[in-house]
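J.: You'll find target_29.tsv just under this line, and it carries TSV, C-alpha atoms and all ligand atoms.
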chain	number	residue	atom	x	y	z
A	1327	MET	CA	-14.62	30.85	9.10
A	1328	LYS	CA	-12.74	29.47	6.10
A	1329	PHE	CA	-10.20	26.68	5.75
A	1330	ALA	CA	-6.95	27.20	3.90
A	1331	ASP	CA	-7.19	26.69	0.13
A	1332	ARG	CA	-5.02	23.58	0.26
A	1333	ILE	CA	-7.66	21.74	2.28
A	1334	SER	CA	-9.98	21.72	-0.73
A	1335	ARG	CA	-7.27	19.88	-2.68
A	1336	LEU	CA	-6.77	17.12	-0.10
A	1337	GLY	CA	-8.32	13.79	-1.09
A	1338	THR	CA	-8.91	10.83	1.18
A	1339	GLU	CA	-8.47	7.08	1.51
A	1340	GLN	CA	-12.01	5.81	0.95
A	1341	ALA	CA	-11.32	2.48	2.67
A	1342	PHE	CA	-11.51	4.16	6.09
A	1343	HIS	CA	-14.89	5.74	5.29
A	1344	VAL	CA	-16.37	2.47	4.04
A	1345	LEU	CA	-14.95	0.70	7.12
A	1346	ALA	CA	-16.78	3.24	9.32
A	1347	ARG	CA	-19.98	2.75	7.31
A	1348	ALA	CA	-19.74	-1.05	7.62
A	1349	LYS	CA	-19.13	-0.76	11.38
A	1350	GLU	CA	-22.27	1.41	11.66
A	1351	ALA	CA	-24.23	-1.23	9.74
A	1352	GLU	CA	-22.94	-3.85	12.21
A	1353	ARG	CA	-24.10	-1.75	15.13
A	1354	ALA	CA	-27.52	-1.73	13.50
A	1355	GLY	CA	-27.46	-5.55	13.56
A	1356	ARG	CA	-26.24	-6.40	10.04
A	1357	ASP	CA	-23.76	-9.25	9.51
A	1358	MET	CA	-21.18	-7.46	7.35
A	1359	ILE	CA	-18.27	-9.21	5.62
A	1360	HIS	CA	-15.30	-6.83	5.56
A	1361	MET	CA	-13.33	-6.80	2.33
A	1362	GLU	CA	-12.99	-3.02	2.08
A	1363	ILE	CA	-9.78	-2.32	3.93
A	1364	GLY	CA	-6.38	-3.94	3.43
A	1365	ASP	CA	-6.05	-5.54	6.82
A	1366	THR	CA	-5.60	-9.05	8.18
A	1367	ASP	CA	-7.36	-11.11	10.84
A	1368	PHE	CA	-4.07	-12.63	12.12
A	1369	SER	CA	-2.57	-11.75	15.46
A	1370	THR	CA	0.77	-9.97	15.44
A	1371	PRO	CA	3.52	-12.62	15.84
A	1372	GLN	CA	3.95	-13.37	19.54
A	1373	ALA	CA	7.65	-12.48	19.71
A	1374	ILE	CA	6.93	-8.94	18.49
A	1375	THR	CA	4.16	-8.43	21.04
A	1376	GLU	CA	6.37	-9.82	23.82
A	1377	GLY	CA	9.21	-7.52	22.73
A	1378	ALA	CA	6.93	-4.48	23.01
A	1379	ILE	CA	5.52	-5.59	26.39
A	1380	LYS	CA	9.04	-6.10	27.73
A	1381	ALA	CA	9.96	-2.62	26.49
A	1382	LEU	CA	6.91	-1.14	28.24
A	1383	ARG	CA	7.86	-2.90	31.47
A	1384	GLU	CA	11.39	-1.50	31.14
A	1385	ASN	CA	9.88	1.98	30.81
A	1386	LYS	CA	10.96	2.41	27.19
A	1387	THR	CA	8.21	4.95	26.92
A	1388	LYS	CA	10.12	8.18	26.31
A	1389	TYR	CA	11.10	10.26	23.28
A	1390	LEU	CA	13.51	8.81	20.77
A	1391	PRO	CA	15.60	10.57	18.12
A	1392	SER	CA	13.25	11.65	15.29
A	1393	ALA	CA	14.84	9.26	12.80
A	1394	GLY	CA	14.12	6.32	15.12
A	1395	LEU	CA	15.70	3.84	17.48
A	1396	ARG	CA	19.36	3.35	16.57
A	1397	GLU	CA	19.19	-0.46	17.05
A	1398	LEU	CA	16.19	-0.70	14.72
A	1399	ARG	CA	17.75	1.54	12.08
A	1400	GLU	CA	20.83	-0.69	12.11
A	1401	ALA	CA	18.81	-3.89	11.87
A	1402	LEU	CA	16.60	-2.51	9.09
A	1403	ALA	CA	19.60	-1.22	7.14
A	1404	GLU	CA	21.01	-4.75	7.23
A	1405	LYS	CA	17.67	-6.24	6.21
A	1406	MET	CA	17.28	-3.77	3.32
A	1407	SER	CA	20.87	-4.36	2.21
A	1408	LYS	CA	20.19	-8.09	1.93
A	1409	SER	CA	16.68	-7.99	0.47
A	1410	ARG	CA	17.43	-5.20	-2.05
A	1411	ASN	CA	21.06	-6.12	-2.70
A	1412	VAL	CA	22.35	-2.62	-1.89
A	1413	ASP	CA	24.58	-1.07	0.73
A	1414	ALA	CA	22.02	0.59	3.02
A	1415	LYS	CA	23.40	2.56	5.96
A	1416	PRO	CA	21.59	3.06	9.30
A	1417	GLU	CA	21.96	6.83	8.76
A	1418	GLU	CA	19.84	6.49	5.60
A	1419	MET	CA	16.94	4.85	7.45
A	1420	VAL	CA	14.03	6.73	9.03
A	1421	ILE	CA	11.39	4.99	11.17
A	1422	THR	CA	7.91	6.50	10.80
A	1423	PRO	CA	4.55	5.85	12.51
A	1424	GLY	CA	3.22	3.55	9.75
A	1425	GLY	CA	4.14	3.69	6.09
A	1426	LYS	CA	1.86	6.53	5.02
A	1427	PRO	CA	3.89	9.38	6.56
A	1428	MET	CA	6.80	8.48	4.24
A	1429	ILE	CA	4.53	9.28	1.28
A	1430	PHE	CA	3.63	12.64	2.78
A	1431	TYR	CA	7.19	13.52	3.76
A	1432	THR	CA	8.72	12.46	0.45
A	1433	ILE	CA	6.32	14.64	-1.53
A	1434	LEU	CA	6.84	17.56	0.87
A	1435	ALA	CA	10.61	17.12	0.59
A	1436	THR	CA	10.90	16.86	-3.19
A	1437	VAL	CA	8.07	18.74	-4.92
A	1438	ASN	CA	7.32	22.47	-5.30
A	1439	PRO	CA	3.97	23.99	-6.32
A	1440	GLY	CA	3.69	23.77	-10.12
A	1441	ASP	CA	6.03	20.75	-10.38
A	1442	GLU	CA	4.72	17.54	-11.91
A	1443	VAL	CA	4.54	14.11	-10.30
A	1444	ILE	CA	3.82	10.92	-12.22
A	1445	TYR	CA	1.94	8.35	-10.16
A	1446	PRO	CA	0.13	5.03	-10.76
A	1447	ASN	CA	-3.60	5.20	-11.45
A	1448	PRO	CA	-5.46	3.16	-10.31
A	1449	GLY	CA	-3.16	3.49	-7.32
A	1450	PHE	CA	-2.98	4.08	-3.59
A	1451	PRO	CA	-5.12	7.24	-3.14
A	1452	THR	CA	-2.71	9.08	-0.84
A	1453	TYR	CA	-0.34	9.73	-3.75
A	1454	GLU	CA	-2.78	11.82	-5.80
A	1455	SER	CA	-4.20	13.47	-2.69
A	1456	VAL	CA	-0.86	14.70	-1.33
A	1457	ILE	CA	0.51	15.72	-4.74
A	1458	GLU	CA	-2.50	18.01	-5.19
A	1459	PHE	CA	-2.39	19.16	-1.57
A	1460	VAL	CA	1.11	20.60	-2.04
A	1461	GLY	CA	0.02	22.42	-5.20
A	1462	ALA	CA	1.83	20.18	-7.67
A	1463	LYS	CA	0.32	18.68	-10.82
A	1464	ALA	CA	-0.71	15.04	-10.45
A	1465	VAL	CA	0.04	13.23	-13.72
A	1466	PRO	CA	-1.67	9.81	-13.74
A	1467	LEU	CA	0.07	6.87	-15.39
A	1468	GLU	CA	-2.55	4.28	-16.26
A	1469	MET	CA	-1.99	0.74	-14.95
A	1470	LYS	CA	-3.62	-1.42	-17.58
A	1471	GLY	CA	-5.49	-4.61	-16.73
A	1472	GLU	CA	-4.61	-6.32	-19.99
A	1473	SER	CA	-0.89	-6.24	-19.14
A	1474	GLY	CA	-1.26	-7.52	-15.56
A	1475	PHE	CA	-1.49	-3.88	-14.45
A	1476	ASN	CA	1.70	-2.65	-16.01
A	1477	PHE	CA	1.89	0.63	-17.93
A	1478	ASP	CA	2.71	1.59	-21.47
A	1479	ILE	CA	6.39	2.56	-21.52
A	1480	GLU	CA	5.87	4.95	-24.45
A	1481	GLU	CA	3.12	6.67	-22.50
A	1482	LEU	CA	5.45	7.11	-19.50
A	1483	LYS	CA	8.04	8.71	-21.76
A	1484	GLN	CA	5.45	11.10	-23.18
A	1485	LEU	CA	4.12	12.10	-19.76
A	1486	ALA	CA	7.57	12.99	-18.43
A	1487	ASN	CA	9.23	16.36	-19.02
A	1488	ASP	CA	11.61	18.69	-17.23
A	1489	LYS	CA	8.89	19.72	-14.79
A	1490	THR	CA	8.64	16.10	-13.58
A	1491	LYS	CA	10.23	16.13	-10.13
A	1492	LEU	CA	9.07	12.78	-8.80
A	1493	ILE	CA	7.89	9.43	-10.16
A	1494	ILE	CA	5.94	7.21	-7.79
A	1495	VAL	CA	6.24	3.46	-8.17
A	1496	ASN	CA	4.24	0.83	-6.31
A	1497	SER	CA	5.03	-2.81	-6.92
A	1498	PRO	CA	3.41	-5.11	-5.83
A	1499	GLN	CA	0.47	-2.79	-6.25
A	1500	ASN	CA	-2.51	-1.70	-4.29
A	1501	PRO	CA	-5.29	-1.97	-5.51
A	1502	THR	CA	-4.56	-4.29	-8.43
A	1503	GLY	CA	-2.13	-6.89	-7.05
A	1504	GLY	CA	-0.11	-6.20	-10.20
A	1505	VAL	CA	3.67	-6.53	-10.24
A	1506	LEU	CA	5.76	-4.29	-12.48
A	1507	THR	CA	8.02	-6.03	-14.96
A	1508	HIS	CA	11.78	-5.59	-14.98
A	1509	GLU	CA	11.40	-3.57	-18.19
A	1510	SER	CA	8.91	-1.24	-16.49
A	1511	LEU	CA	11.34	-0.66	-13.59
A	1512	GLU	CA	14.15	0.01	-16.07
A	1513	ALA	CA	11.98	2.46	-18.00
A	1514	ILE	CA	11.09	4.39	-14.84
A	1515	THR	CA	14.75	4.66	-13.87
A	1516	GLU	CA	15.73	5.78	-17.36
A	1517	VAL	CA	13.00	8.43	-17.50
A	1518	ALA	CA	13.79	9.67	-13.98
A	1519	LYS	CA	17.45	9.95	-14.91
A	1520	LYS	CA	16.73	11.77	-18.14
A	1521	HIS	CA	14.63	14.43	-16.37
A	1522	ASP	CA	16.60	14.40	-13.11
A	1523	ALA	CA	13.55	13.32	-11.09
A	1524	TRP	CA	13.36	11.53	-7.76
A	1525	ILE	CA	11.75	8.09	-7.52
A	1526	PHE	CA	9.55	7.02	-4.63
A	1527	SER	CA	9.18	3.25	-4.50
A	1528	ASP	CA	6.35	2.03	-2.28
A	1529	GLU	CA	7.26	-1.56	-1.43
A	1530	VAL	CA	4.89	-2.27	1.49
A	1531	TYR	CA	3.83	-5.57	-0.15
A	1532	SER	CA	7.39	-6.78	-0.78
A	1533	ASP	CA	6.98	-9.71	1.64
A	1534	LEU	CA	3.60	-10.74	0.25
A	1535	VAL	CA	4.59	-12.33	-3.04
A	1536	PHE	CA	2.92	-15.67	-3.81
A	1537	GLU	CA	4.54	-16.57	-7.10
A	1538	GLY	CA	7.93	-15.46	-8.37
A	1539	GLU	CA	10.40	-13.26	-6.52
A	1540	PHE	CA	10.00	-9.71	-5.32
A	1541	GLU	CA	12.00	-7.22	-7.37
A	1542	SER	CA	12.74	-3.74	-6.07
A	1543	ILE	CA	13.51	-0.87	-8.42
A	1544	LEU	CA	16.82	-0.73	-6.53
A	1545	SER	CA	17.88	-3.74	-8.64
A	1546	ILE	CA	18.21	-1.34	-11.57
A	1547	PRO	CA	21.66	0.30	-11.73
A	1548	ASP	CA	21.38	4.08	-11.22
A	1549	ALA	CA	18.07	3.88	-9.31
A	1550	ARG	CA	19.55	3.91	-5.80
A	1551	GLU	CA	20.96	7.46	-5.90
A	1552	ARG	CA	17.53	8.99	-6.62
A	1553	THR	CA	15.13	6.56	-4.92
A	1554	ILE	CA	13.37	6.72	-1.57
A	1555	VAL	CA	12.06	3.27	-0.64
A	1556	LEU	CA	9.11	2.75	1.66
A	1557	ASP	CA	8.42	-0.50	3.48
A	1558	ALA	CA	6.31	-1.12	6.58
A	1559	TYR	CA	5.43	-3.64	9.26
A	1560	THR	CA	1.73	-3.08	8.62
A	1561	LYS	CA	0.88	-5.87	6.18
A	1562	THR	CA	3.87	-8.21	6.54
A	1563	TYR	CA	3.47	-8.75	10.27
A	1564	SER	CA	-0.26	-8.02	10.69
A	1565	MET	CA	0.53	-4.83	12.58
A	1566	SER	CA	-1.75	-2.20	11.05
A	1567	GLY	CA	-2.63	-0.63	14.41
A	1568	TRP	CA	0.93	-0.53	15.71
A	1569	ARG	CA	2.01	2.08	13.15
A	1570	VAL	CA	5.54	1.10	12.22
A	1571	GLY	CA	6.92	1.99	8.80
A	1572	TYR	CA	10.32	2.95	7.47
A	1573	GLY	CA	12.11	4.58	4.62
A	1574	LEU	CA	15.47	3.93	3.02
A	1575	CYS	CA	16.77	7.21	1.64
A	1576	PRO	CA	19.31	7.57	-1.17
A	1577	ASN	CA	21.67	9.47	1.14
A	1578	THR	CA	21.96	10.87	4.67
A	1579	GLU	CA	21.01	14.36	3.48
A	1580	MET	CA	17.56	13.11	2.43
A	1581	ALA	CA	17.22	11.06	5.63
A	1582	ASP	CA	17.98	14.18	7.68
A	1583	VAL	CA	15.30	16.14	5.81
A	1584	ILE	CA	12.72	13.38	6.37
A	1585	ALA	CA	13.74	13.14	10.04
A	1586	ASN	CA	13.27	16.90	10.40
A	1587	LEU	CA	9.76	16.56	8.93
A	1588	MET	CA	9.18	13.91	11.61
A	1589	ASN	CA	10.65	16.27	14.21
A	1590	ASN	CA	8.21	19.01	13.16
A	1591	SER	CA	5.10	16.82	12.94
A	1592	VAL	CA	5.18	13.85	15.36
A	1593	SER	CA	8.64	14.19	17.02
A	1594	CYS	CA	9.31	10.46	16.73
A	1595	ALA	CA	7.53	7.14	16.22
A	1596	PRO	CA	6.53	5.48	19.54
A	1597	ASN	CA	9.39	3.98	21.52
A	1598	PHE	CA	8.13	0.56	22.69
A	1599	THR	CA	6.63	-0.33	19.29
A	1600	GLN	CA	10.09	0.07	17.78
A	1601	TRP	CA	11.53	-2.39	20.33
A	1602	GLY	CA	8.75	-4.81	19.36
A	1603	ALA	CA	9.58	-4.23	15.70
A	1604	LEU	CA	13.21	-5.12	16.38
A	1605	GLU	CA	12.11	-8.60	17.51
A	1606	ALA	CA	10.69	-9.24	14.04
A	1607	ILE	CA	14.23	-9.11	12.72
A	1608	ASN	CA	16.03	-10.77	15.61
A	1609	ASN	CA	13.68	-13.69	16.19
A	1610	PRO	CA	13.56	-16.40	13.47
A	1611	ALA	CA	10.19	-17.66	14.75
A	1612	VAL	CA	8.64	-14.51	13.31
A	1613	ASP	CA	9.69	-15.40	9.76
A	1614	GLU	CA	8.02	-18.78	10.16
A	1615	GLU	CA	4.78	-17.12	11.20
A	1616	VAL	CA	4.97	-14.74	8.23
A	1617	ALA	CA	5.48	-17.71	5.89
A	1618	LYS	CA	2.37	-19.38	7.34
A	1619	MET	CA	0.32	-16.22	6.89
A	1620	ARG	CA	1.48	-15.93	3.31
A	1621	GLU	CA	0.42	-19.53	2.59
A	1622	GLU	CA	-2.99	-18.83	4.08
A	1623	PHE	CA	-3.42	-15.61	2.07
A	1624	LYS	CA	-2.64	-17.54	-1.08
A	1625	LYS	CA	-5.40	-20.05	-0.27
A	1626	ARG	CA	-7.83	-17.22	0.39
A	1627	ARG	CA	-6.85	-15.53	-2.85
A	1628	ASP	CA	-7.53	-18.71	-4.82
A	1629	VAL	CA	-10.94	-19.28	-3.21
A	1630	LEU	CA	-12.09	-15.72	-3.80
A	1631	TYR	CA	-10.70	-15.67	-7.33
A	1632	ALA	CA	-12.54	-18.87	-8.29
A	1633	GLY	CA	-15.79	-17.54	-6.83
A	1634	LEU	CA	-15.60	-14.18	-8.61
A	1635	GLU	CA	-14.69	-15.78	-11.92
A	1636	ASN	CA	-17.97	-17.69	-11.74
A	1637	LEU	CA	-20.08	-14.54	-11.56
A	1638	ASP	CA	-21.47	-13.39	-14.89
A	1639	GLY	CA	-19.99	-10.12	-16.10
A	1640	VAL	CA	-16.93	-10.36	-13.84
A	1641	ALA	CA	-13.40	-10.97	-15.18
A	1642	CYS	CA	-10.58	-11.29	-12.71
A	1643	HIS	CA	-6.80	-11.01	-13.04
A	1644	LEU	CA	-5.09	-13.49	-10.68
A	1645	PRO	CA	-2.62	-11.35	-8.72
A	1646	SER	CA	0.74	-12.90	-7.85
A	1647	ALA	CA	1.23	-10.62	-4.83
A	1648	ALA	CA	-0.34	-8.25	-2.25
A	1649	ILE	CA	-3.75	-8.92	-0.70
A	1650	TYR	CA	-6.32	-7.69	-3.22
A	1651	LEU	CA	-8.42	-8.84	-6.13
A	1652	PHE	CA	-9.35	-6.12	-8.61
A	1653	PRO	CA	-11.94	-7.66	-10.92
A	1654	ASP	CA	-13.19	-5.97	-14.07
A	1655	ILE	CA	-16.96	-5.57	-13.68
A	1656	THR	CA	-17.72	-3.85	-16.99
A	1657	GLY	CA	-19.46	-7.05	-18.21
A	1658	THR	CA	-22.27	-6.38	-15.74
A	1659	GLY	CA	-23.13	-3.09	-17.47
A	1660	ARG	CA	-22.88	-1.35	-14.09
A	1661	SER	CA	-20.47	1.26	-12.76
A	1662	SER	CA	-17.94	0.62	-10.00
A	1663	GLN	CA	-20.02	2.70	-7.59
A	1664	GLU	CA	-23.19	0.75	-8.44
A	1665	ILE	CA	-21.50	-2.59	-7.80
A	1666	TYR	CA	-20.08	-1.29	-4.51
A	1667	ASP	CA	-23.58	-0.13	-3.42
A	1668	PHE	CA	-25.16	-3.38	-4.56
A	1669	CYS	CA	-22.68	-5.55	-2.63
A	1670	PHE	CA	-23.12	-3.42	0.48
A	1671	ASP	CA	-26.92	-3.17	0.37
A	1672	LYS	CA	-27.93	-6.58	-0.98
A	1673	ALA	CA	-25.17	-8.92	0.23
A	1674	ASN	CA	-23.82	-7.14	3.32
A	1675	ILE	CA	-20.34	-7.24	1.80
A	1676	ALA	CA	-18.13	-4.17	2.05
A	1677	VAL	CA	-15.88	-3.75	-1.02
A	1678	LEU	CA	-14.48	-0.60	-2.63
A	1679	PRO	CA	-15.33	0.93	-6.00
A	1680	GLY	CA	-12.28	1.02	-8.29
A	1681	THR	CA	-12.73	4.79	-8.55
A	1682	SER	CA	-11.51	5.10	-4.93
A	1683	PHE	CA	-8.09	4.58	-6.55
A	1684	GLY	CA	-8.38	7.20	-9.26
A	1685	ARG	CA	-10.26	7.70	-12.50
A	1686	PHE	CA	-8.68	4.72	-14.28
A	1687	GLY	CA	-10.22	2.53	-11.59
A	1688	GLU	CA	-13.65	2.88	-13.19
A	1689	GLY	CA	-14.87	-0.53	-14.33
A	1690	TYR	CA	-13.31	-2.35	-11.37
A	1691	ILE	CA	-13.99	-3.08	-7.71
A	1692	ARG	CA	-11.41	-3.97	-5.05
A	1693	LEU	CA	-11.78	-6.80	-2.55
A	1694	SER	CA	-9.22	-7.59	0.16
A	1695	PHE	CA	-8.81	-11.33	0.68
A	1696	ALA	CA	-6.69	-10.93	3.84
A	1697	ASN	CA	-9.38	-10.04	6.37
A	1698	ASN	CA	-11.42	-13.25	6.50
A	1699	PRO	CA	-10.81	-16.99	6.87
A	1700	VAL	CA	-11.68	-19.27	3.95
A	1701	ASP	CA	-15.14	-20.23	5.24
A	1702	ARG	CA	-16.14	-16.60	5.53
A	1703	ILE	CA	-14.89	-15.93	1.98
A	1704	GLU	CA	-16.97	-18.90	0.81
A	1705	GLU	CA	-19.95	-17.35	2.53
A	1706	ALA	CA	-19.33	-14.07	0.71
A	1707	ILE	CA	-19.30	-15.93	-2.59
A	1708	GLU	CA	-22.56	-17.72	-1.74
A	1709	ARG	CA	-24.16	-14.39	-0.90
A	1710	LEU	CA	-23.00	-12.90	-4.19
A	1711	GLU	CA	-24.20	-15.91	-6.21
A	1712	LYS	CA	-27.62	-15.55	-4.61
A	1713	VAL	CA	-28.13	-11.86	-5.41
A	1714	TRP	CA	-26.22	-11.62	-8.71
A	1715	PRO	CA	-29.22	-12.48	-10.95
A	1716	GLU	CA	-31.04	-9.49	-9.45
A	1717	LEU	CA	-28.13	-7.25	-10.50
A	1718	LEU	CA	-28.03	-8.61	-14.04
A	1719	ASN	CA	-31.79	-8.70	-14.63
A	1720	ASN	CA	-32.59	-5.17	-13.51
B	1	LIG	C1	0.53	0.83	-1.34
B	1	LIG	C2	0.41	1.26	0.06
B	1	LIG	N1	1.27	2.14	0.57
B	1	LIG	C3	1.21	2.57	1.83
B	1	LIG	C4	0.22	2.11	2.67
B	1	LIG	C5	0.16	2.68	4.05
B	1	LIG	O1	0.41	1.76	5.01
B	1	LIG	P1	0.41	2.12	6.56
B	1	LIG	O2	-0.87	1.57	7.10
B	1	LIG	O3	1.62	1.45	7.06
B	1	LIG	O4	0.48	3.59	6.73
B	1	LIG	C6	-0.72	1.18	2.21
B	1	LIG	C7	-1.81	0.72	3.06
B	1	LIG	O5	-2.77	0.13	2.65
B	1	LIG	C8	-0.62	0.75	0.86
B	1	LIG	O6	-1.49	-0.12	0.34
As a first step, turn the structure in this file into structure tokens.
T.:
Amino acid sequence: MKFADRISRLGTEQAFHVLARAKEAERAGRDMIHMEIGDTDFSTPQAITEGAIKALRENKTKYLPSAGLRELREALAEKMSKSRNVDAKPEEMVITPGGKPMIFYTILATVNPGDEVIYPNPGFPTYESVIEFVGAKAVPLEMKGESGFNFDIEELKQLANDKTKLIIVNSPQNPTGGVLTHESLEAITEVAKKHDAWIFSDEVYSDLVFEGEFESILSIPDARERTIVLDAYTKTYSMSGWRVGYGLCPNTEMADVIANLMNNSVSCAPNFTQWGALEAINNPAVDEEVAKMREEFKKRRDVLYAGLENLDGVACHLPSAAIYLFPDITGTGRSSQEIYDFCFDKANIAVLPGTSFGRFGEGYIRLSFANNPVDRIEEAIERLEKVWPELLNN
């Protein structure tokens, strides 16, 4: 029996496979340090958990409208209006089970087979995977280490043409921690306007900025009418397993299309998790907990950065946001895959090869600094220092 052709074009998010491999190694008795997946070791803020438990007790366990709980859509529209300085309406919001479905639905909603989509590379792997899955042409825009993982504006202009239907933006970025400059956001808007393309702005790290202020592409005049914004509870509130994400659409027509994709695939996001999610907005104690987490992530970032910088052949960009370090390992003379294997086999540390994020990720590895407390990160560095001479001398 054969699968449909499109299945051969579907990629994958490697982090989940390496997580499974590291869990297997643990079952076999190895003491693995997890830095492969972008997750945190913090508990979900108590008020959110209590909100969901209360909702369960009140039997809020039934279907909801596909676009999501009205109260949450209203609260999120207000939050987005303030944080992005726009007029977001509840009817333009769609609540999804985690952030990822918004990527899938946006591409399904905007791109035909044969159309072109410009996307960041290295970048979150789901973009390339789903673009190819739907039969469109994935056009990688290289995020360059030397410019803090921005792109060359001239290159963007050359890549775009009238077949370009969608431009994907991710700032702050996974896997690089890079933040796009105001000029980059302006250039994307200008190019999208010129070719009448949609913009998809993945802003799931908007609340994890350590230095400077978060800037959404919605700050650029003209972006709003063609931009679908994704944000999620996943990283901000340490809620990866809850699966709560949301999109702000440019108009109600787009929100209705996305909601109908929800209707046809999962019906709606779970009910009680959305009541829990509402607490994050209504309860000021949650913001305090998020601020504490952010402070702690910053400490972890600095410790891991200092340790990696000390390793011969490794050069690290200090990210001002998100939860990843993306060091350049070309100085070791080894490939991304070799460094990944070496860390896993010799130091019991699970990282990801940069190539998990596209071909321009060669020469890098990605480490998440959110999953472990500082002492465990220090242990990872000690392990690496111990085995590194073996890597360099062989
Ligand atoms: C850039 C980016 N977008 C989207 C997602 C998906 O998040 P979720 O777990 O909410 O589906 C992630 C998760 O790592 C991400 O890094």
J.: Kindly compile the residues surrounding ligand LIG 1 (chain B) within 7 Å, counting all atoms listed in the file, and format them as a ChimeraX atom specification.
T.: /A:1364,1424-1427,1450,1496,1499-1500,1528,1530,1558-1560,1566,1569-1571
J.: In terms of the shortest atom-to-atom distance over only C-alpha atoms, which of A:Glu1480, A:Asp1628, A:Glu1417, A:Glu1622 is closest to Leu1395 of chain A?
T.: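 Using only C-alpha atoms, the shortest distance to Leu1395 of chain A belongs to A:Glu1417.
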J.: Show which residues sit within 8 Å of Asp1365 of chain A, as a PyMOL selection string. Count only C-alpha atoms, and ignore same-chain residues fewer than 2 positions away.
T.: chain A and resi 1363+1367+1561+1564+1566+1694+1696-1697
J.: Tell me, as a PyMOL selection string, which residues lie within 9 Å of Phe1342 of chain A, counting only C-alpha atoms; anything in the same chain fewer than 4 positions away does not count.
T.: chain A and resi 1338+1346-1347+1362-1363
J.: Could you check how far atom CA of Asn1447 of chain A sits from atom CA of Arg1685 of chain A, in Å to one decimal?
T.: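 Interatomic distance here is 7.2 Å.
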